[in-house]
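*Asks:* Once you've had a glance at the structure underneath, I'll fire off some questions.
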Amino acid sequence: MKARAIIAEDEPLLRARLREALAALWPDLEIVAEAEDGLAAVIALNQLRPDIAFLDIRMPGASGMEVARSASGLCHVVFLTAYDDYAIQAFDAGAVDYLLKPLDLARLATAVTRLQQRLLQAPADLSLLAQRLQEPGWLRWIHAACGLQMRIIPVEEIAGFVAEAKYTRLLGIGFDAHIRKTIKELAASLEPERFCQISRGAVVNLGRVEKLTRDGSGGMRLWVEGTELVVTQPYQHLFKQM
Amino acid sequence: MIHHPYAPFTAAASLTALLMALLAFALAWCWPAGFSADLAALLLAYALALGTLQLARRWPAPAVMLAALVAALGLGAWVGGLVAEYLRQHAQLASRPPGRNQLYVLLALCLLLLPGVVRRWLSWREQALLAAQAERHAAERTLLEAQLAALQGQIEPHFLFNTLANVQYLLRRDAPLADQMLARLLAYLRATLPEIRQVEVRLGEELERVRAYLDIMQIRMGERLTFRIECPPELEAAQLPPLALATLVENALKHGLEGKPGGGSVTIAAVQADAQLRLSVADDGLGFHETGSRQGGVGLRNLRQRLLALYGAKGELVLEAKPEGGVLATLCLPLVHAKDGV
């Protein structure tokens, strides 16, 4: 039986290069589909059920890693990457192999041999890889309304967030800007090493806190970029060591 | 050359003065006269003053120095006055009015110490200049480090390896296109590598690099990428920090267009607004994901740091999400034209 494979790679020339190299090294391999983005790759995988998928890691639509998750247990996966980013991780998680671009023909030949041996076994379960991919992605950029503009602000430039009526106001960026996210949503999606909720209505950037004061009656206040904020009782324990 | 803060007031100088004072005292004792009495008094006062200043050398602070100078003058004048009076009595001369001896000694002492104090002051100023220079060098180094970091973030391994992979394929299939792509890559690298040592480059040069980059990406992405560059010729000599525009363009592709199925377009425009140079990079891509990996945005953060270091409040980078999708990045700088032949 002839083995069937798909190639998912967004750059047309690199796709052609791999196709031609495979044709030379493994004439019996049938390339049943070529996808130029991740979504097309997922569709091809489900419709054509190939034995092997060559997946570029960086692709539009869905990354090679995400495509591999949907291919988990269905086909053998070989990753393509221009740079060693997640390739070794992917290899550990059960991918048959990974190939670095520009392609080295000797290296591709080894991968082909490895694939030919593996074809007799069941494809590896790549769901672990998928889990690793879903590491929490903390909020990095804030889209904030500033007049009629929608500004994009790196989160570390923001000194704090304060609830204000229906909106949340940003502190310490040099101009007035609001977002629609609530403090509760923000507190859950901001990197906890950098940001800290201090009351139901405020989150502060710890690196921008100017001072912390206590009064005799158990009250606690923070100064952030000249704005005074109250640390309410449930959050005070976070600052006990300061 | 850095002088010691108390360079003129050395132990040798005060010992010599003391020796001379003792000789003058002996002379005045053997040859009693008003002239010899005053000379001995003055030399003794001078030796005492130098000694006082020399004691203060251990605490080289301006306030201590000033206090030591006042103490040296006071002590010298007082003791010198007493000695002069004593020697005048020994020579059987008439007493001067009270305080007159001290006044004479003080005036002479001021004249004697003047050169040393002036030298001291000059060396102090030189040191202050050196310190200011060192501070400036430190600031320059910080800027250079930021630029180096910008470079490291700029030539992305992904870009380099993927481009070379394309060249590898084209070499056999379409040698002229491979040649063209390699030429563009070389132009890009050549334009990128030396720039980092400069604080500012011409907009024309920066646009050349951006064009080389976009040409390469166009070959790689095929029909998925279109771009347009609008820059009036008179702005080509305008100065900007190296890689400033390149960072924005590469971000537009990385965050906006490369990940967008079907691709898109990027428009780069340079305009003059009053005394400002306004550069904009607009794309119709995916925009910034609000969440993402830590690696994202290093180039932009670095660019902000450099703008702050170079222009303070006069430089500004605004990222804006366009209502119809995509990102508009606007960079405003003071408009400065590079001199011809630079």
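Going through the structure tokens in order, the chains are called A, B, and so on, while each chain numbers its residues from 1 and the ligands are numbered from 1 in the order shown.
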Distance limit 8 Å, atoms considered: only C-alpha atoms. Which chain B residues sit that close to chain A? Return them as number ranges by chain.

*Replies:* B: 157-158, 161-162, 164-166, 168-170, 220-222, 258-261, 288-294, 318-323

*Asks:* So that I can check the surroundings of Glu230 of chain B, please list as a ChimeraX atom specification every protein, DNA and RNA residue that reaches within 9 Å of it, counting only C-alpha atoms and ignoring chain neighbours fewer than 4 positions away.

*Replies:* /B:267-271

*Asks:* According to DSSP computed on the backbone, where in segment 65-121 of chain A is there strand (DSSP E)? Give the residues as a list in words.

*Replies:*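 Across segment 65-121 of chain A, those assigned strand (DSSP E) are His76, Val77, Val78, Phe79, Leu80, Thr81, Asp97, Tyr98, Leu99 and Leu100 of chain A.
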
*Asks:* Considering only C-alpha atoms, state which residue in the set A:Ala41, A:Ala202, A:Val32, A:Ala122 is at the smallest distance from Met65 of chain A.

*Replies:*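 Looking only at the distances to Met65 of chain A, the closest residue turns out to be A:Ala41.
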
*Asks:* Could you list, as a PyMOL selection string, every residue within 12 Å of Cys75 of chain A, counting only C-alpha atoms and ignoring same-chain residues fewer than 6 positions away?

*Replies:* chain A and resi 3-6+42+45-46+48-55+67-69+94-96+115+118-126

*Asks:* Taking the DSSP secondary structure from the backbone, can you list the residues of segment 5-119 of chain B that are helix (DSSP H, G or I), as an mmCIF file with N, CA and C atoms, in the first residue's frame?

*Replies:*
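The resulting file, states.cif, is shown below:
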data_model
loop_
_atom_site.group_PDB
_atom_site.id
_atom_site.type_symbol
_atom_site.label_atom_id
_atom_site.label_comp_id
_atom_site.auth_asym_id
_atom_site.auth_seq_id
_atom_site.Cartn_x
_atom_site.Cartn_y
_atom_site.Cartn_z
ATOM 1 N N ALA B 11 52.416 68.069 52.397
ATOM 2 C CA ALA B 11 53.193 68.034 53.640
ATOM 3 C C ALA B 11 54.572 68.676 53.439
ATOM 4 N N ALA B 12 55.187 68.391 52.270
ATOM 5 C CA ALA B 12 56.508 68.945 51.983
ATOM 6 C C ALA B 12 56.475 70.465 51.997
ATOM 7 N N ALA B 13 55.405 71.022 51.379
ATOM 8 C CA ALA B 13 55.286 72.476 51.310
ATOM 9 C C ALA B 13 55.173 73.068 52.708
ATOM 10 N N SER B 14 54.347 72.458 53.579
ATOM 11 C CA SER B 14 54.178 73.057 54.905
ATOM 12 C C SER B 14 55.438 72.870 55.766
ATOM 13 N N LEU B 15 56.174 71.754 55.579
ATOM 14 C CA LEU B 15 57.422 71.557 56.329
ATOM 15 C C LEU B 15 58.468 72.564 55.909
ATOM 16 N N THR B 16 58.575 72.786 54.591
ATOM 17 C CA THR B 16 59.516 73.782 54.079
ATOM 18 C C THR B 16 59.203 75.158 54.663
ATOM 19 N N ALA B 17 57.917 75.509 54.641
ATOM 20 C CA ALA B 17 57.508 76.810 55.163
ATOM 21 C C ALA B 17 57.849 76.917 56.647
ATOM 22 N N LEU B 18 57.640 75.809 57.402
ATOM 23 C CA LEU B 18 57.926 75.822 58.840
ATOM 24 C C LEU B 18 59.429 76.051 59.078
ATOM 25 N N LEU B 19 60.248 75.343 58.260
ATOM 26 C CA LEU B 19 61.707 75.481 58.380
ATOM 27 C C LEU B 19 62.140 76.930 58.118
ATOM 28 N N MET B 20 61.586 77.489 57.045
ATOM 29 C CA MET B 20 61.909 78.877 56.702
ATOM 30 C C MET B 20 61.458 79.823 57.807
ATOM 31 N N ALA B 21 60.282 79.523 58.387
ATOM 32 C CA ALA B 21 59.765 80.371 59.467
ATOM 33 C C ALA B 21 60.712 80.340 60.659
ATOM 34 N N LEU B 22 61.235 79.140 60.985
ATOM 35 C CA LEU B 22 62.144 79.028 62.124
ATOM 36 C C LEU B 22 63.435 79.796 61.856
ATOM 37 N N LEU B 23 63.932 79.687 60.598
ATOM 38 C CA LEU B 23 65.133 80.439 60.216
ATOM 39 C C LEU B 23 64.894 81.941 60.357
ATOM 40 N N ALA B 24 63.718 82.372 59.851
ATOM 41 C CA ALA B 24 63.385 83.800 59.913
ATOM 42 C C ALA B 24 63.275 84.253 61.370
ATOM 43 N N PHE B 25 62.715 83.333 62.229
ATOM 44 C CA PHE B 25 62.585 83.661 63.644
ATOM 45 C C PHE B 25 63.972 83.869 64.264
ATOM 46 N N ALA B 26 64.887 82.942 63.941
ATOM 47 C CA ALA B 26 66.256 83.036 64.459
ATOM 48 C C ALA B 26 66.925 84.329 63.968
ATOM 49 N N LEU B 27 66.677 84.640 62.685
ATOM 50 C CA LEU B 27 67.233 85.864 62.103
ATOM 51 C C LEU B 27 66.716 87.101 62.852
ATOM 52 N N ALA B 28 65.385 87.104 63.078
ATOM 53 C CA ALA B 28 64.767 88.251 63.750
ATOM 54 C C ALA B 28 65.286 88.367 65.180
ATOM 55 N N TRP B 29 65.617 87.210 65.795
ATOM 56 C CA TRP B 29 66.124 87.218 67.179
ATOM 57 C C TRP B 29 67.531 87.822 67.215
ATOM 58 N N CYS B 30 68.360 87.407 66.187
ATOM 59 C CA CYS B 30 69.724 87.914 66.154
ATOM 60 C C CYS B 30 69.809 89.330 65.599
ATOM 61 N N GLY B 34 62.024 95.764 62.714
ATOM 62 C CA GLY B 34 60.592 95.628 62.346
ATOM 63 C C GLY B 34 60.430 94.723 61.144
ATOM 64 N N PHE B 35 61.336 94.868 60.188
ATOM 65 C CA PHE B 35 61.266 94.103 58.945
ATOM 66 C C PHE B 35 61.406 92.605 59.219
ATOM 67 N N SER B 36 62.420 92.215 60.000
ATOM 68 C CA SER B 36 62.670 90.803 60.257
ATOM 69 C C SER B 36 61.553 90.215 61.112
ATOM 70 N N ALA B 37 61.009 91.016 62.048
ATOM 71 C CA ALA B 37 59.924 90.523 62.901
ATOM 72 C C ALA B 37 58.705 90.189 62.043
ATOM 73 N N ASP B 38 58.371 91.107 61.113
ATOM 74 C CA ASP B 38 57.194 90.883 60.257
ATOM 75 C C ASP B 38 57.402 89.679 59.347
ATOM 76 N N LEU B 39 58.633 89.531 58.823
ATOM 77 C CA LEU B 39 58.906 88.404 57.929
ATOM 78 C C LEU B 39 58.747 87.073 58.666
ATOM 79 N N ALA B 40 59.329 87.000 59.861
ATOM 80 C CA ALA B 40 59.231 85.769 60.645
ATOM 81 C C ALA B 40 57.773 85.456 60.961
ATOM 82 N N ALA B 41 57.017 86.497 61.349
ATOM 83 C CA ALA B 41 55.604 86.299 61.693
ATOM 84 C C ALA B 41 54.842 85.764 60.484
ATOM 85 N N LEU B 42 55.112 86.345 59.342
ATOM 86 C CA LEU B 42 54.381 85.952 58.132
ATOM 87 C C LEU B 42 54.698 84.507 57.750
ATOM 88 N N LEU B 43 56.009 84.159 57.792
ATOM 89 C CA LEU B 43 56.386 82.798 57.401
ATOM 90 C C LEU B 43 55.800 81.770 58.363
ATOM 91 N N LEU B 44 55.760 82.104 59.624
ATOM 92 C CA LEU B 44 55.177 81.192 60.607
ATOM 93 C C LEU B 44 53.678 81.025 60.352
ATOM 94 N N ALA B 45 53.037 82.173 60.074
ATOM 95 C CA ALA B 45 51.591 82.125 59.779
ATOM 96 C C ALA B 45 51.337 81.261 58.537
ATOM 97 N N TYR B 46 52.207 81.405 57.542
ATOM 98 C CA TYR B 46 52.058 80.657 56.297
ATOM 99 C C TYR B 46 52.194 79.158 56.555
ATOM 100 N N ALA B 47 53.241 78.808 57.370
ATOM 101 C CA ALA B 47 53.454 77.394 57.693
ATOM 102 C C ALA B 47 52.241 76.828 58.424
ATOM 103 N N LEU B 48 51.694 77.597 59.375
ATOM 104 C CA LEU B 48 50.523 77.133 60.138
ATOM 105 C C LEU B 48 49.314 76.943 59.215
ATOM 106 N N ALA B 49 49.137 77.905 58.309
ATOM 107 C CA ALA B 49 47.990 77.824 57.392
ATOM 108 C C ALA B 49 48.105 76.599 56.488
ATOM 109 N N LEU B 50 49.312 76.387 55.957
ATOM 110 C CA LEU B 50 49.507 75.219 55.082
ATOM 111 C C LEU B 50 49.249 73.929 55.855
ATOM 112 N N GLY B 51 49.742 73.891 57.105
ATOM 113 C CA GLY B 51 49.533 72.707 57.937
ATOM 114 C C GLY B 51 48.049 72.435 58.151
ATOM 115 N N THR B 52 47.301 73.500 58.426
ATOM 116 C CA THR B 52 45.854 73.345 58.659
ATOM 117 C C THR B 52 45.169 72.793 57.401
ATOM 118 N N LEU B 53 45.522 73.393 56.262
ATOM 119 C CA LEU B 53 44.912 72.946 55.006
ATOM 120 C C LEU B 53 45.279 71.493 54.728
ATOM 121 N N GLN B 54 46.538 71.179 55.085
ATOM 122 C CA GLN B 54 46.995 69.825 54.801
ATOM 123 C C GLN B 54 46.279 68.812 55.666
ATOM 124 N N LEU B 55 45.942 69.177 56.901
ATOM 125 C CA LEU B 55 45.187 68.285 57.786
ATOM 126 C C LEU B 55 43.807 67.983 57.193
ATOM 127 N N ALA B 56 43.233 68.998 56.525
ATOM 128 C CA ALA B 56 41.875 68.842 55.986
ATOM 129 C C ALA B 56 41.862 68.003 54.702
ATOM 130 N N ARG B 57 43.059 67.673 54.182
ATOM 131 C CA ARG B 57 43.114 66.889 52.945
ATOM 132 C C ARG B 57 42.368 65.576 53.045
ATOM 133 N N ARG B 58 42.288 65.057 54.242
ATOM 134 C CA ARG B 58 41.651 63.740 54.414
ATOM 135 C C ARG B 58 40.168 63.768 54.114
ATOM 136 N N PRO B 62 33.904 70.077 49.582
ATOM 137 C CA PRO B 62 34.016 71.532 49.413
ATOM 138 C C PRO B 62 33.800 72.286 50.725
ATOM 139 N N ALA B 63 32.831 71.844 51.545
ATOM 140 C CA ALA B 63 32.527 72.549 52.787
ATOM 141 C C ALA B 63 33.716 72.478 53.747
ATOM 142 N N VAL B 64 34.343 71.303 53.849
ATOM 143 C CA VAL B 64 35.493 71.116 54.739
ATOM 144 C C VAL B 64 36.646 72.000 54.261
ATOM 145 N N MET B 65 36.820 72.011 52.917
ATOM 146 C CA MET B 65 37.886 72.817 52.322
ATOM 147 C C MET B 65 37.721 74.295 52.679
ATOM 148 N N LEU B 66 36.480 74.764 52.559
ATOM 149 C CA LEU B 66 36.206 76.179 52.841
ATOM 150 C C LEU B 66 36.467 76.486 54.318
ATOM 151 N N ALA B 67 35.968 75.598 55.187
ATOM 152 C CA ALA B 67 36.163 75.769 56.628
ATOM 153 C C ALA B 67 37.653 75.760 56.956
ATOM 154 N N ALA B 68 38.412 74.839 56.288
ATOM 155 C CA ALA B 68 39.842 74.738 56.545
ATOM 156 C C ALA B 68 40.555 76.021 56.110
ATOM 157 N N LEU B 69 40.096 76.606 54.999
ATOM 158 C CA LEU B 69 40.703 77.841 54.506
ATOM 159 C C LEU B 69 40.499 78.971 55.518
ATOM 160 N N VAL B 70 39.255 79.091 56.014
ATOM 161 C CA VAL B 70 38.948 80.132 57.000
ATOM 162 C C VAL B 70 39.777 79.903 58.261
ATOM 163 N N ALA B 71 39.820 78.620 58.704
ATOM 164 C CA ALA B 71 40.595 78.307 59.922
ATOM 165 C C ALA B 71 42.069 78.612 59.717
ATOM 166 N N ALA B 72 42.599 78.273 58.528
ATOM 167 C CA ALA B 72 44.010 78.492 58.241
ATOM 168 C C ALA B 72 44.342 79.982 58.285
ATOM 169 N N LEU B 73 43.467 80.777 57.656
ATOM 170 C CA LEU B 73 43.698 82.223 57.652
ATOM 171 C C LEU B 73 43.613 82.777 59.070
ATOM 172 N N GLY B 74 42.583 82.361 59.795
ATOM 173 C CA GLY B 74 42.362 82.869 61.162
ATOM 174 C C GLY B 74 43.518 82.496 62.074
ATOM 175 N N LEU B 75 43.880 81.213 62.060
ATOM 176 C CA LEU B 75 44.949 80.727 62.938
ATOM 177 C C LEU B 75 46.268 81.405 62.587
ATOM 178 N N GLY B 76 46.549 81.439 61.270
ATOM 179 C CA GLY B 76 47.800 82.048 60.815
ATOM 180 C C GLY B 76 47.886 83.512 61.242
ATOM 181 N N ALA B 77 46.816 84.259 61.023
ATOM 182 C CA ALA B 77 46.813 85.692 61.336
ATOM 183 C C ALA B 77 46.962 85.911 62.843
ATOM 184 N N TRP B 78 46.227 85.103 63.604
ATOM 185 C CA TRP B 78 46.262 85.289 65.065
ATOM 186 C C TRP B 78 47.654 84.998 65.620
ATOM 187 N N VAL B 79 48.195 83.791 65.314
ATOM 188 C CA VAL B 79 49.507 83.414 65.832
ATOM 189 C C VAL B 79 50.583 84.341 65.259
ATOM 190 N N GLY B 80 50.485 84.604 63.929
ATOM 191 C CA GLY B 80 51.458 85.492 63.281
ATOM 192 C C GLY B 80 51.478 86.868 63.960
ATOM 193 N N GLY B 81 50.275 87.388 64.273
ATOM 194 C CA GLY B 81 50.167 88.694 64.941
ATOM 195 C C GLY B 81 50.862 88.672 66.287
ATOM 196 N N LEU B 82 50.621 87.581 67.051
ATOM 197 C CA LEU B 82 51.251 87.468 68.376
ATOM 198 C C LEU B 82 52.769 87.434 68.250
ATOM 199 N N VAL B 83 53.284 86.644 67.302
ATOM 200 C CA VAL B 83 54.730 86.510 67.125
ATOM 201 C C VAL B 83 55.343 87.857 66.709
ATOM 202 N N ALA B 84 54.655 88.553 65.787
ATOM 203 C CA ALA B 84 55.155 89.857 65.339
ATOM 204 C C ALA B 84 55.261 90.816 66.521
ATOM 205 N N GLU B 85 54.214 90.815 67.359
ATOM 206 C CA GLU B 85 54.216 91.707 68.523
ATOM 207 C C GLU B 85 55.365 91.362 69.483
ATOM 208 N N TYR B 86 55.557 90.018 69.678
ATOM 209 C CA TYR B 86 56.598 89.543 70.576
ATOM 210 C C TYR B 86 57.981 89.965 70.071
ATOM 211 N N LEU B 87 58.206 89.757 68.740
ATOM 212 C CA LEU B 87 59.511 90.104 68.179
ATOM 213 C C LEU B 87 59.738 91.614 68.170
ATOM 214 N N ARG B 88 58.655 92.408 67.984
ATOM 215 C CA ARG B 88 58.779 93.874 68.028
ATOM 216 C C ARG B 88 59.197 94.337 69.433
ATOM 217 N N GLN B 89 58.604 93.636 70.438
ATOM 218 C CA GLN B 89 58.997 93.979 71.813
ATOM 219 C C GLN B 89 60.457 93.614 72.046
ATOM 220 N N HIS B 90 60.858 92.426 71.482
ATOM 221 C CA HIS B 90 62.237 91.983 71.620
ATOM 222 C C HIS B 90 63.183 92.993 70.964
ATOM 223 N N ARG B 100 46.385 95.366 64.550
ATOM 224 C CA ARG B 100 47.020 95.820 63.319
ATOM 225 C C ARG B 100 47.984 94.748 62.792
ATOM 226 N N ASN B 101 48.778 94.158 63.750
ATOM 227 C CA ASN B 101 49.686 93.067 63.354
ATOM 228 C C ASN B 101 48.916 91.963 62.629
ATOM 229 N N GLN B 102 47.793 91.524 63.261
ATOM 230 C CA GLN B 102 46.974 90.438 62.706
ATOM 231 C C GLN B 102 46.492 90.792 61.300
ATOM 232 N N LEU B 103 46.070 92.076 61.145
ATOM 233 C CA LEU B 103 45.549 92.509 59.846
ATOM 234 C C LEU B 103 46.621 92.404 58.771
ATOM 235 N N TYR B 104 47.846 92.905 59.090
ATOM 236 C CA TYR B 104 48.926 92.836 58.117
ATOM 237 C C TYR B 104 49.217 91.382 57.723
ATOM 238 N N VAL B 105 49.330 90.529 58.749
ATOM 239 C CA VAL B 105 49.636 89.124 58.475
ATOM 240 C C VAL B 105 48.526 88.496 57.611
ATOM 241 N N LEU B 106 47.276 88.826 57.961
ATOM 242 C CA LEU B 106 46.145 88.245 57.220
ATOM 243 C C LEU B 106 46.216 88.629 55.740
ATOM 244 N N LEU B 107 46.471 89.928 55.487
ATOM 245 C CA LEU B 107 46.520 90.392 54.097
ATOM 246 C C LEU B 107 47.640 89.695 53.329
ATOM 247 N N ALA B 108 48.818 89.629 53.945
ATOM 248 C CA ALA B 108 49.957 88.986 53.275
ATOM 249 C C ALA B 108 49.682 87.505 53.039
ATOM 250 N N LEU B 109 49.029 86.894 54.044
ATOM 251 C CA LEU B 109 48.724 85.471 53.951
ATOM 252 C C LEU B 109 47.770 85.196 52.787
ATOM 253 N N CYS B 110 46.778 86.066 52.653
ATOM 254 C CA CYS B 110 45.814 85.921 51.550
ATOM 255 C C CYS B 110 46.552 85.919 50.220
ATOM 256 N N LEU B 111 47.494 86.871 50.057
ATOM 257 C CA LEU B 111 48.249 86.952 48.807
ATOM 258 C C LEU B 111 49.060 85.691 48.577
ATOM 259 N N LEU B 112 49.681 85.166 49.660
ATOM 260 C CA LEU B 112 50.529 83.979 49.535
ATOM 261 C C LEU B 112 49.709 82.741 49.156
ATOM 262 N N LEU B 113 48.503 82.640 49.736
ATOM 263 C CA LEU B 113 47.706 81.431 49.508
ATOM 264 C C LEU B 113 46.943 81.470 48.182
ATOM 265 N N LEU B 114 46.803 82.684 47.633
ATOM 266 C CA LEU B 114 45.960 82.846 46.447
ATOM 267 C C LEU B 114 46.284 81.875 45.303
ATOM 268 N N PRO B 115 47.581 81.759 44.890
ATOM 269 C CA PRO B 115 47.874 80.859 43.758
ATOM 270 C C PRO B 115 47.416 79.433 44.028
ATOM 271 N N GLY B 116 47.670 78.955 45.247
ATOM 272 C CA GLY B 116 47.275 77.592 45.595
ATOM 273 C C GLY B 116 45.771 77.401 45.521
ATOM 274 N N VAL B 117 45.037 78.394 46.022
ATOM 275 C CA VAL B 117 43.577 78.281 46.030
ATOM 276 C C VAL B 117 43.040 78.280 44.602
ATOM 277 N N VAL B 118 43.645 79.144 43.766
ATOM 278 C CA VAL B 118 43.194 79.191 42.371
ATOM 279 C C VAL B 118 43.476 77.868 41.672
ATOM 280 N N ARG B 119 44.658 77.328 41.898
ATOM 281 C CA ARG B 119 44.994 76.043 41.285
ATOM 282 C C ARG B 119 44.018 74.968 41.724
#

*Asks:* When you draw a straight line from atom CA of Leu25 of chain A to atom CA of Arg114 of chain A, how long is it in Å?

*Replies:*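 Separation between atom CA of Leu25 of chain A and atom CA of Arg114 of chain A: 12.8 Å.
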
*Asks:* One number please: atom CA of Phe239 of chain A to atom CA of Ile173 of chain A, in Å, one decimal.

*Replies:*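 Here the two named atoms are 24.4 Å from each other.
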
*Asks:* Within 8 Å of Met220 of chain A, counting only C-alpha atoms, which residues show up once you throw out same-chain ones fewer than 4 positions away? Write them as a ChimeraX atom specification, please.

*Replies:* /A:212-215,230-232,236
